[in-house]
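Trainee: Below you'll find the structure I mean.
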Amino acid sequence: MLKRKEKSGMTLGRFSAALGLGAWLFLTGMPASAALRSVGAVLQVKTLEDGVELRLRSGARAKIGFVTPEVLRVRISSTARFEPDASSYALSAPPPRAQAKVQQQGNSLELRSSSGVRVLIRKSPEFSLAIYDAAGRLISADDPARPTAFDAQEGAFETSKRREAYELYYGFGEKALPLSRHQQHMVMWNADVPDYAPGHDPSYQSIPFFIALNEGRSHGLFFNNSWRSWFDMGKTEPQRYRFGSAGGELDYFVFTGGPERSPARVLSDYTALTGRGALPPLWALGYQQSRWSYKTQDEVLRIAREFRQRQIPADVLYLDIDHMDGFRVFTWNPQTFAQPAEMLSALHQQGFRAVTIVDPGIKQDEGFAIYRSGRDAGVFMRNADGSELHAKVWPGVCAFPDFTSAQARDWFGRLYAAPLDLGVDGFWNDMNEPGVFAADGFDKPAIELGPQKTLPLDARHAGDGQPGSHARYHNAYGMQMARASFEGLRQLRPEKRPMVLTRAGFAGVQRYAAVWTGDNSPTWTHLALSLPMLSNLSISGVPFVGADVGGFMGSPSAELYTRWLQAAVLTPYFRTHSNDVSAPREPWAFGPEFEAINRATIELRYRLLPHLYSLFEANERSGLPPMRPLWFAYPHDTQVSLIEDQFLLGADLLVAPVLQEGKLQRQVYFPKGDAWIDWWDGRRYEGGSLLTFKAPLNRLPLFIRAGASVPTQAVVQHTGDMPRTPLTLTVALGAAGSGEVFQDAGEGYGYRQGQFRRLAIRQERGSAAGAQSWTRLQLDIPANAGFQRVAALEFIGLEAAPAELLIDGHAVSEGLRFDASTRRLHLTLPHEGVKQIQIRP
Ligand code: GLC
């Protein structure tokens, strides 16, 4: 059902002149301003419990209300009709409502939440609003010079906000752009963009959410609209930012960041609305090895054996499209993968898991049972004229499940039964923007973002009761595919956590899948780009993110691969992957010298896995991602606002990889307010300093925050060995602080029924100043129900062996080892019941 005229022209910007204004406008999403009509003055006000409903001169209707005392929702519809919340794929549930006090005075209306957030609405000559925090500071204000306006004919609209010159914007999901997206123009339109150049937009994922930062204070905005939308964050006019869409409703949420106006609070409130990342199975945090493709089952088994023989830890091997029979999804090539069950069981015996690729295109082939079943069940997408929609992808002409229909999701989800029964452990949803190939006989230049690259915009979707065009649901398609996979897997194996990886996504994708940044390139520029891309995805609510290590589109040099592996080792999703023509890229492929370094790099990941896992569990509770840009944790330190070549893992580890060819040192900035200790040699550095560190090829500059405690373990070859491996708590001395460790079965949902334990470590400092005053450590280690045993503590940041160490008041001399080269003091714990340790330098 198509209510409005929809355009189908899309091209790259540089072709816009040749293609005419119409196509260009759809691409940018920008309406031709001549056709825009302002919403006009407020004619009528109806007070609601959470805010107001307004009738505007243009005939539009607005609803402005509080979702929580710190979150405001603004909705304006030119048709005076509002979509039901259930039709938004981004929201994890219909948002709640919070009480507002409404006051009218002359030309203005005031809404006040219970926490003191205020919205001032000016009624005429044009509707506009401004939001103030409880301390009376302006958070965000409409720009009266460019009022909200609609194009009633085409359905497009835009709105604008005033911008201060130094306001920065982060987030927007996956964008191949610098860390802060101020003065950028961005389009939300999921696109298959192999070999994307830095600066190229749009990208595979669309997340219309950002966090603003101005003088240390944050707020956030989420534009709940899945049509092709755009943001101009002060590019055209630095004094305002604008956003709009080609269709649908103006529906956005403003997150005030609470009384602190903190980015963490913004993100926590945003993820309360769109959902939090589901805790992955522990094995999915291990190292993963992929290529397009390991071509035979023997090759897969050889790779597995080599990892084990060479003692390079790894958990997962990937089977790309060539494992299938003619690229038909959920099949196996009868020649090259003749005994998949045997292969999978041999992998499992060596502690490997297998992930297979699953594309959305289903070969239109009468001899293919899955095609026939989908056609008979009526779950495939249809063209505007009602015929089954076909487009070409890997297998040739394909039909496409309509993942916006519960029936289609259900049908697709059940297809996972066969690979699960064989023993496949996880699944990789690719090409789900959807990206398609040009049809036979296509006689136009093959433009990268041309209409031939996805489905026709007027194709039909069921929309779970809100039928609509592909123009409306395109951006949600990939995420709904990931949902079909996730929900299918949960149904089929309720005792396991699904492992789904997706290339395309929309706001809320974190509920279903991990995300990787698609077909990147084996260049130093792309290596550097991976950090702002991943940290912005992370603070867009998506915790489980990674980039193909080494760059997908070809062959990296040995040095580039080795540096990339280091840069990625502490990113949440850690996979090497490469295309069909690239040289072999296993960690040993570059000769013995590099193999040794790459092994040590992957070993670092495994040492820190208990910590990474704890961070993922914390994310499920708080929405805070494992990977964080520095500004997110230190919004008041203006020196870090634009730092994109360092990141934080959790709150306590600072990672500063080498991102340039031939460089054997790099500068590191330590954010103000904390001291940092070199992970490798134990030296301490004060916050606020910029220092140069040696970084030979075998060194990833890594620092731990003084006061932090993180769990580590001895190197294991895969996560299956962890239960037998004891933990060491690594404690960075020199400041008060705390740490938490989460332990459970690493799989399944027992942890939601209390089957876990949480260790707490608290560090208190004596009165003397500096790093060398006494430290008291309070340990809270609950009774062990079979989890990794805590066997030791390692203190880092001591100048020399301590003069005295007391365990629960008793002086200890045995089980202590001080290593002067790393400034680490190792202490074997007599038992897990230790409550207090006191150290005097
Ligand atoms: C796409 C994916 C890539 C995959 C290839 C073949 O290019 O992005 O990761 O290897 O298709 O399936």
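Letters A, B, ... mark the chains of the structure tokens in the order given; residue numbers begin at 1 per chain; ligand numbers begin at 1, in order shown.
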Identify all residues of segment 400-586 of chain A in helix (DSSP H, G or I) (DSSP on the backbone) and supply them as a PyMOL selection string.
Mentor: chain A and resi 406-414+417-422+451-453+463-465+470-492+509-511+524-538+558-568
Trainee: Find the spatial neighbours of Gly746 of chain A, counting only C-alpha atoms, within a cut-off of 8 Å - ignore same-chain residues fewer than 4 positions away - and output them as a ChimeraX atom specification.
Mentor: /A:281-283
Trainee: Using only C-alpha atoms, which protein or nucleic acid residues come within 9 Å of Arg483 of chain A? Drop anything in the same chain fewer than 5 positions from it, and give the result as an NGL selection string.
Mentor: :A and (403 or 409 or 413 or 478 or 488 or 509 or 511-513)
Trainee: Give me, as a list in words, all polymer residues having an atom no more than 9 Å from Leu129 of chain A, counting only C-alpha atoms and skipping those fewer than 4 positions away in the same chain.
Mentor: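 Non-adjacent residues within range: Val119, Leu120, Ile121, Arg122, Lys123, Ser140, Ala141, Asp142, Asp143 and Pro144 of chain A.
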Trainee: List all protein, DNA and RNA residues that have any atom at most 9 Å from ligand 1, counting only C-alpha atoms and all ligand atoms, and write the list as a list in words.
Mentor: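 Checked against 9 Å with only C-alpha atoms and all ligand atoms; the hits are Asp192, Val193, Pro194, Ser290, Arg291, Trp292, Ser293, Asp320, Ile321, Asp322, Ile357, Val358, Asp359, Trp394, Asp430, Met431, Arg503, Trp516, Thr517, Gly518, Asp519, Asn520, Asp548, Phe552, Met553, His577, Ser578, Asn579 and Asp580 of chain A.
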Trainee: Show me, as JSON lines, the residues of segment 675-762 of chain A having an atom within 10 Å of segment 781-798 of chain A, each with the closest atom pair and its distance in Å, using only C-alpha atoms.
Mentor:
```
{"residue": "A:Trp676", "atom": "CA", "partner": "A:Gly797", "partner_atom": "CA", "distance": 9.2}
{"residue": "A:Ile677", "atom": "CA", "partner": "A:Gly797", "partner_atom": "CA", "distance": 6.3}
{"residue": "A:Asp678", "atom": "CA", "partner": "A:Gly797", "partner_atom": "CA", "distance": 8.2}
{"residue": "A:Trp679", "atom": "CA", "partner": "A:Ile796", "partner_atom": "CA", "distance": 8.0}
{"residue": "A:Trp680", "atom": "CA", "partner": "A:Ile796", "partner_atom": "CA", "distance": 9.5}
{"residue": "A:Asp681", "atom": "CA", "partner": "A:Gly797", "partner_atom": "CA", "distance": 8.5}
{"residue": "A:Gly682", "atom": "CA", "partner": "A:Gly797", "partner_atom": "CA", "distance": 4.8}
{"residue": "A:Arg683", "atom": "CA", "partner": "A:Gly797", "partner_atom": "CA", "distance": 6.2}
{"residue": "A:Arg684", "atom": "CA", "partner": "A:Gly797", "partner_atom": "CA", "distance": 6.5}
{"residue": "A:Ile704", "atom": "CA", "partner": "A:Ile796", "partner_atom": "CA", "distance": 9.0}
{"residue": "A:Ala706", "atom": "CA", "partner": "A:Gly797", "partner_atom": "CA", "distance": 8.0}
{"residue": "A:Ser709", "atom": "CA", "partner": "A:Phe795", "partner_atom": "CA", "distance": 9.2}
{"residue": "A:Val710", "atom": "CA", "partner": "A:Glu794", "partner_atom": "CA", "distance": 9.9}
{"residue": "A:Pro711", "atom": "CA", "partner": "A:Val790", "partner_atom": "CA", "distance": 9.0}
{"residue": "A:Thr712", "atom": "CA", "partner": "A:Glu794", "partner_atom": "CA", "distance": 9.5}
{"residue": "A:Gln713", "atom": "CA", "partner": "A:Gln788", "partner_atom": "CA", "distance": 9.3}
{"residue": "A:Met722", "atom": "CA", "partner": "A:Gln788", "partner_atom": "CA", "distance": 7.1}
{"residue": "A:Pro723", "atom": "CA", "partner": "A:Gln788", "partner_atom": "CA", "distance": 5.2}
{"residue": "A:Arg724", "atom": "CA", "partner": "A:Gln788", "partner_atom": "CA", "distance": 6.6}
{"residue": "A:Thr725", "atom": "CA", "partner": "A:Gln788", "partner_atom": "CA", "distance": 6.3}
{"residue": "A:Pro726", "atom": "CA", "partner": "A:Arg789", "partner_atom": "CA", "distance": 4.8}
{"residue": "A:Leu727", "atom": "CA", "partner": "A:Val790", "partner_atom": "CA", "distance": 4.7}
{"residue": "A:Thr728", "atom": "CA", "partner": "A:Ala792", "partner_atom": "CA", "distance": 4.7}
{"residue": "A:Leu729", "atom": "CA", "partner": "A:Leu793", "partner_atom": "CA", "distance": 4.7}
{"residue": "A:Thr730", "atom": "CA", "partner": "A:Glu794", "partner_atom": "CA", "distance": 4.7}
{"residue": "A:Val731", "atom": "CA", "partner": "A:Phe795", "partner_atom": "CA", "distance": 4.9}
{"residue": "A:Ala732", "atom": "CA", "partner": "A:Ile796", "partner_atom": "CA", "distance": 4.9}
{"residue": "A:Leu733", "atom": "CA", "partner": "A:Gly797", "partner_atom": "CA", "distance": 5.5}
{"residue": "A:Gly734", "atom": "CA", "partner": "A:Gly797", "partner_atom": "CA", "distance": 7.1}
{"residue": "A:Val741", "atom": "CA", "partner": "A:Ile781", "partner_atom": "CA", "distance": 9.5}
{"residue": "A:Phe742", "atom": "CA", "partner": "A:Phe787", "partner_atom": "CA", "distance": 9.9}
{"residue": "A:Gln743", "atom": "CA", "partner": "A:Phe787", "partner_atom": "CA", "distance": 6.4}
{"residue": "A:Asp744", "atom": "CA", "partner": "A:Phe787", "partner_atom": "CA", "distance": 6.6}
{"residue": "A:Ala745", "atom": "CA", "partner": "A:Phe787", "partner_atom": "CA", "distance": 7.4}
{"residue": "A:Gly746", "atom": "CA", "partner": "A:Phe787", "partner_atom": "CA", "distance": 9.8}
{"residue": "A:Gln755", "atom": "CA", "partner": "A:Ala785", "partner_atom": "CA", "distance": 8.3}
{"residue": "A:Phe756", "atom": "CA", "partner": "A:Ala785", "partner_atom": "CA", "distance": 7.9}
{"residue": "A:Arg757", "atom": "CA", "partner": "A:Pro782", "partner_atom": "CA", "distance": 6.6}
{"residue": "A:Arg758", "atom": "CA", "partner": "A:Pro782", "partner_atom": "CA", "distance": 7.2}
{"residue": "A:Leu759", "atom": "CA", "partner": "A:Ile781", "partner_atom": "CA", "distance": 4.9}
{"residue": "A:Ala760", "atom": "CA", "partner": "A:Ile781", "partner_atom": "CA", "distance": 6.7}
{"residue": "A:Ile761", "atom": "CA", "partner": "A:Ile781", "partner_atom": "CA", "distance": 8.5}
```
Trainee: Mind giving me the straight-line distance from atom CA of Ala93 of chain A to atom CA of Arg460 of chain A in Å, one decimal?
Mentor: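 Taking atom CA of Ala93 of chain A and atom CA of Arg460 of chain A, their separation equals 24.7 Å.
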Trainee: So which one's closest to Ile370 of chain A, A:Gly396, A:Arg414, A:Asp385, A:Thr822? Using only C-alpha atoms, please.
Mentor: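 The answer is A:Arg414, which sits nearest to Ile370 of chain A.
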Trainee: Atom CA of Thr523 of chain A and atom CA of Pro572 of chain A are how many Å apart?
Mentor: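 Result for atom CA of Thr523 of chain A versus atom CA of Pro572 of chain A: 21.2 Å, one decimal.
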Trainee: For segment 87-202 of chain A against segment 232-243 of chain A, with a cut-off of 9 Å and counting only C-alpha atoms, what is the closest atom pair and its distance in Å to one decimal for every residue that makes the cut, ordered by chain and number, as JSON lines?
Mentor:
```
{"residue": "A:Asp143", "atom": "CA", "partner": "A:Arg240", "partner_atom": "CA", "distance": 7.1}
{"residue": "A:Phe157", "atom": "CA", "partner": "A:Phe243", "partner_atom": "CA", "distance": 8.5}
{"residue": "A:Glu158", "atom": "CA", "partner": "A:Phe243", "partner_atom": "CA", "distance": 5.5}
{"residue": "A:Thr159", "atom": "CA", "partner": "A:Arg242", "partner_atom": "CA", "distance": 5.6}
{"residue": "A:Ser160", "atom": "CA", "partner": "A:Arg242", "partner_atom": "CA", "distance": 4.1}
{"residue": "A:Lys161", "atom": "CA", "partner": "A:Tyr241", "partner_atom": "CA", "distance": 5.4}
{"residue": "A:Arg162", "atom": "CA", "partner": "A:Arg240", "partner_atom": "CA", "distance": 4.4}
{"residue": "A:Arg163", "atom": "CA", "partner": "A:Arg240", "partner_atom": "CA", "distance": 4.5}
{"residue": "A:Glu164", "atom": "CA", "partner": "A:Gln239", "partner_atom": "CA", "distance": 6.1}
{"residue": "A:Ala165", "atom": "CA", "partner": "A:Gln239", "partner_atom": "CA", "distance": 6.5}
{"residue": "A:Leu168", "atom": "CA", "partner": "A:Met233", "partner_atom": "CA", "distance": 8.9}
{"residue": "A:Tyr169", "atom": "CA", "partner": "A:Met233", "partner_atom": "CA", "distance": 7.8}
{"residue": "A:Arg181", "atom": "CA", "partner": "A:Met233", "partner_atom": "CA", "distance": 7.1}
{"residue": "A:His182", "atom": "CA", "partner": "A:Met233", "partner_atom": "CA", "distance": 5.3}
{"residue": "A:Gln183", "atom": "CA", "partner": "A:Lys235", "partner_atom": "CA", "distance": 3.9}
{"residue": "A:Gln184", "atom": "CA", "partner": "A:Lys235", "partner_atom": "CA", "distance": 5.3}
{"residue": "A:His185", "atom": "CA", "partner": "A:Asp232", "partner_atom": "CA", "distance": 4.4}
{"residue": "A:Met186", "atom": "CA", "partner": "A:Asp232", "partner_atom": "CA", "distance": 6.5}
{"residue": "A:Val187", "atom": "CA", "partner": "A:Asp232", "partner_atom": "CA", "distance": 8.9}
```
Trainee: Could you dump the residues just selected with N, CA, C and O atoms as a PDB file, in the first residue's frame?
Mentor:
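After the write, again28.pdb holds the following:
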```pdb
ATOM      1  N   ASP A 143      15.601  26.151  15.500  1.00  0.00           N
ATOM      2  CA  ASP A 143      16.095  27.391  14.913  1.00  0.00           C
ATOM      3  C   ASP A 143      14.910  28.113  14.263  1.00  0.00           C
ATOM      4  O   ASP A 143      14.415  27.656  13.228  1.00  0.00           O
ATOM      5  N   PHE A 157      10.254  15.953   4.753  1.00  0.00           N
ATOM      6  CA  PHE A 157      10.191  17.031   5.747  1.00  0.00           C
ATOM      7  C   PHE A 157      11.571  17.278   6.316  1.00  0.00           C
ATOM      8  O   PHE A 157      12.491  16.463   6.146  1.00  0.00           O
ATOM      9  N   GLU A 158      11.718  18.377   7.010  1.00  0.00           N
ATOM     10  CA  GLU A 158      12.974  18.652   7.706  1.00  0.00           C
ATOM     11  C   GLU A 158      12.728  19.548   8.909  1.00  0.00           C
ATOM     12  O   GLU A 158      11.708  20.238   9.000  1.00  0.00           O
ATOM     13  N   THR A 159      13.666  19.499   9.836  1.00  0.00           N
ATOM     14  CA  THR A 159      13.612  20.390  10.985  1.00  0.00           C
ATOM     15  C   THR A 159      15.032  20.859  11.268  1.00  0.00           C
ATOM     16  O   THR A 159      15.994  20.269  10.762  1.00  0.00           O
ATOM     17  N   SER A 160      15.176  21.909  12.035  1.00  0.00           N
ATOM     18  CA  SER A 160      16.528  22.414  12.275  1.00  0.00           C
ATOM     19  C   SER A 160      16.691  22.905  13.706  1.00  0.00           C
ATOM     20  O   SER A 160      15.729  23.327  14.344  1.00  0.00           O
ATOM     21  N   LYS A 161      17.908  22.819  14.179  1.00  0.00           N
ATOM     22  CA  LYS A 161      18.235  23.243  15.553  1.00  0.00           C
ATOM     23  C   LYS A 161      19.404  24.204  15.508  1.00  0.00           C
ATOM     24  O   LYS A 161      20.294  24.068  14.653  1.00  0.00           O
ATOM     25  N   ARG A 162      19.407  25.094  16.475  1.00  0.00           N
ATOM     26  CA  ARG A 162      20.545  26.013  16.566  1.00  0.00           C
ATOM     27  C   ARG A 162      21.787  25.244  16.992  1.00  0.00           C
ATOM     28  O   ARG A 162      21.723  24.284  17.755  1.00  0.00           O
ATOM     29  N   ARG A 163      22.912  25.695  16.511  1.00  0.00           N
ATOM     30  CA  ARG A 163      24.162  24.999  16.841  1.00  0.00           C
ATOM     31  C   ARG A 163      25.196  26.010  17.301  1.00  0.00           C
ATOM     32  O   ARG A 163      25.374  27.041  16.664  1.00  0.00           O
ATOM     33  N   GLU A 164      25.848  25.678  18.391  1.00  0.00           N
ATOM     34  CA  GLU A 164      26.970  26.514  18.820  1.00  0.00           C
ATOM     35  C   GLU A 164      28.222  26.014  18.121  1.00  0.00           C
ATOM     36  O   GLU A 164      28.397  24.821  17.901  1.00  0.00           O
ATOM     37  N   ALA A 165      29.120  26.950  17.840  1.00  0.00           N
ATOM     38  CA  ALA A 165      30.254  26.655  16.961  1.00  0.00           C
ATOM     39  C   ALA A 165      31.074  25.461  17.434  1.00  0.00           C
ATOM     40  O   ALA A 165      31.624  24.728  16.628  1.00  0.00           O
ATOM     41  N   LEU A 168      30.007  19.370  19.280  1.00  0.00           N
ATOM     42  CA  LEU A 168      30.460  18.212  18.499  1.00  0.00           C
ATOM     43  C   LEU A 168      29.378  17.136  18.540  1.00  0.00           C
ATOM     44  O   LEU A 168      28.562  17.111  19.462  1.00  0.00           O
ATOM     45  N   TYR A 169      29.407  16.255  17.550  1.00  0.00           N
ATOM     46  CA  TYR A 169      28.375  15.209  17.455  1.00  0.00           C
ATOM     47  C   TYR A 169      29.024  13.863  17.165  1.00  0.00           C
ATOM     48  O   TYR A 169      29.784  13.732  16.202  1.00  0.00           O
ATOM     49  N   ARG A 181      31.215  14.049  14.150  1.00  0.00           N
ATOM     50  CA  ARG A 181      30.531  14.232  12.868  1.00  0.00           C
ATOM     51  C   ARG A 181      29.989  15.642  12.728  1.00  0.00           C
ATOM     52  O   ARG A 181      29.028  15.875  12.000  1.00  0.00           O
ATOM     53  N   HIS A 182      30.611  16.600  13.438  1.00  0.00           N
ATOM     54  CA  HIS A 182      30.208  17.997  13.234  1.00  0.00           C
ATOM     55  C   HIS A 182      30.612  18.415  11.829  1.00  0.00           C
ATOM     56  O   HIS A 182      31.613  17.944  11.287  1.00  0.00           O
ATOM     57  N   GLN A 183      29.812  19.262  11.261  1.00  0.00           N
ATOM     58  CA  GLN A 183      30.025  19.769   9.897  1.00  0.00           C
ATOM     59  C   GLN A 183      30.127  18.656   8.854  1.00  0.00           C
ATOM     60  O   GLN A 183      30.823  18.779   7.863  1.00  0.00           O
ATOM     61  N   GLN A 184      29.413  17.590   9.113  1.00  0.00           N
ATOM     62  CA  GLN A 184      29.304  16.520   8.127  1.00  0.00           C
ATOM     63  C   GLN A 184      27.860  16.454   7.646  1.00  0.00           C
ATOM     64  O   GLN A 184      26.933  16.763   8.392  1.00  0.00           O
ATOM     65  N   HIS A 185      27.697  16.009   6.417  1.00  0.00           N
ATOM     66  CA  HIS A 185      26.365  15.686   5.910  1.00  0.00           C
ATOM     67  C   HIS A 185      26.292  14.176   5.752  1.00  0.00           C
ATOM     68  O   HIS A 185      27.197  13.573   5.177  1.00  0.00           O
ATOM     69  N   MET A 186      25.260  13.579   6.312  1.00  0.00           N
ATOM     70  CA  MET A 186      25.182  12.115   6.293  1.00  0.00           C
ATOM     71  C   MET A 186      23.801  11.645   5.847  1.00  0.00           C
ATOM     72  O   MET A 186      22.798  12.279   6.161  1.00  0.00           O
ATOM     73  N   VAL A 187      23.813  10.531   5.161  1.00  0.00           N
ATOM     74  CA  VAL A 187      22.559   9.946   4.682  1.00  0.00           C
ATOM     75  C   VAL A 187      22.380   8.588   5.345  1.00  0.00           C
ATOM     76  O   VAL A 187      23.331   7.837   5.505  1.00  0.00           O
TER      77      VAL A 187
END
```
Trainee: Do you know which residues are at most 7 Å from segment 106-118 of chain A counting only C-alpha atoms, after dropping those on the same chain fewer than 6 positions away, and could you put them as number ranges by chain?
Mentor: A: 51, 66, 69-70, 99-100, 124, 131-134
Trainee: Rank nothing, just name the residue among A:Ala284, A:Ala264, A:Ala135, A:Ala338 nearest to Arg353 of chain A, using only C-alpha atoms.
Mentor: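 Of A:Ala284, A:Ala264, A:Ala135, A:Ala338, the one nearest Arg353 of chain A, counting only C-alpha atoms, is A:Ala284.
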Trainee: Within 8 Å of segment 633-650 of chain A, counting only C-alpha atoms, which residues show up once you throw out same-chain ones fewer than 4 positions away? Write them as an NGL selection string, please.
Mentor: :A and (178-180 or 213 or 215-217 or 262-264 or 528 or 531-532 or 535 or 570-571 or 615 or 625-629 or 654-657 or 659 or 668-669 or 671-672)
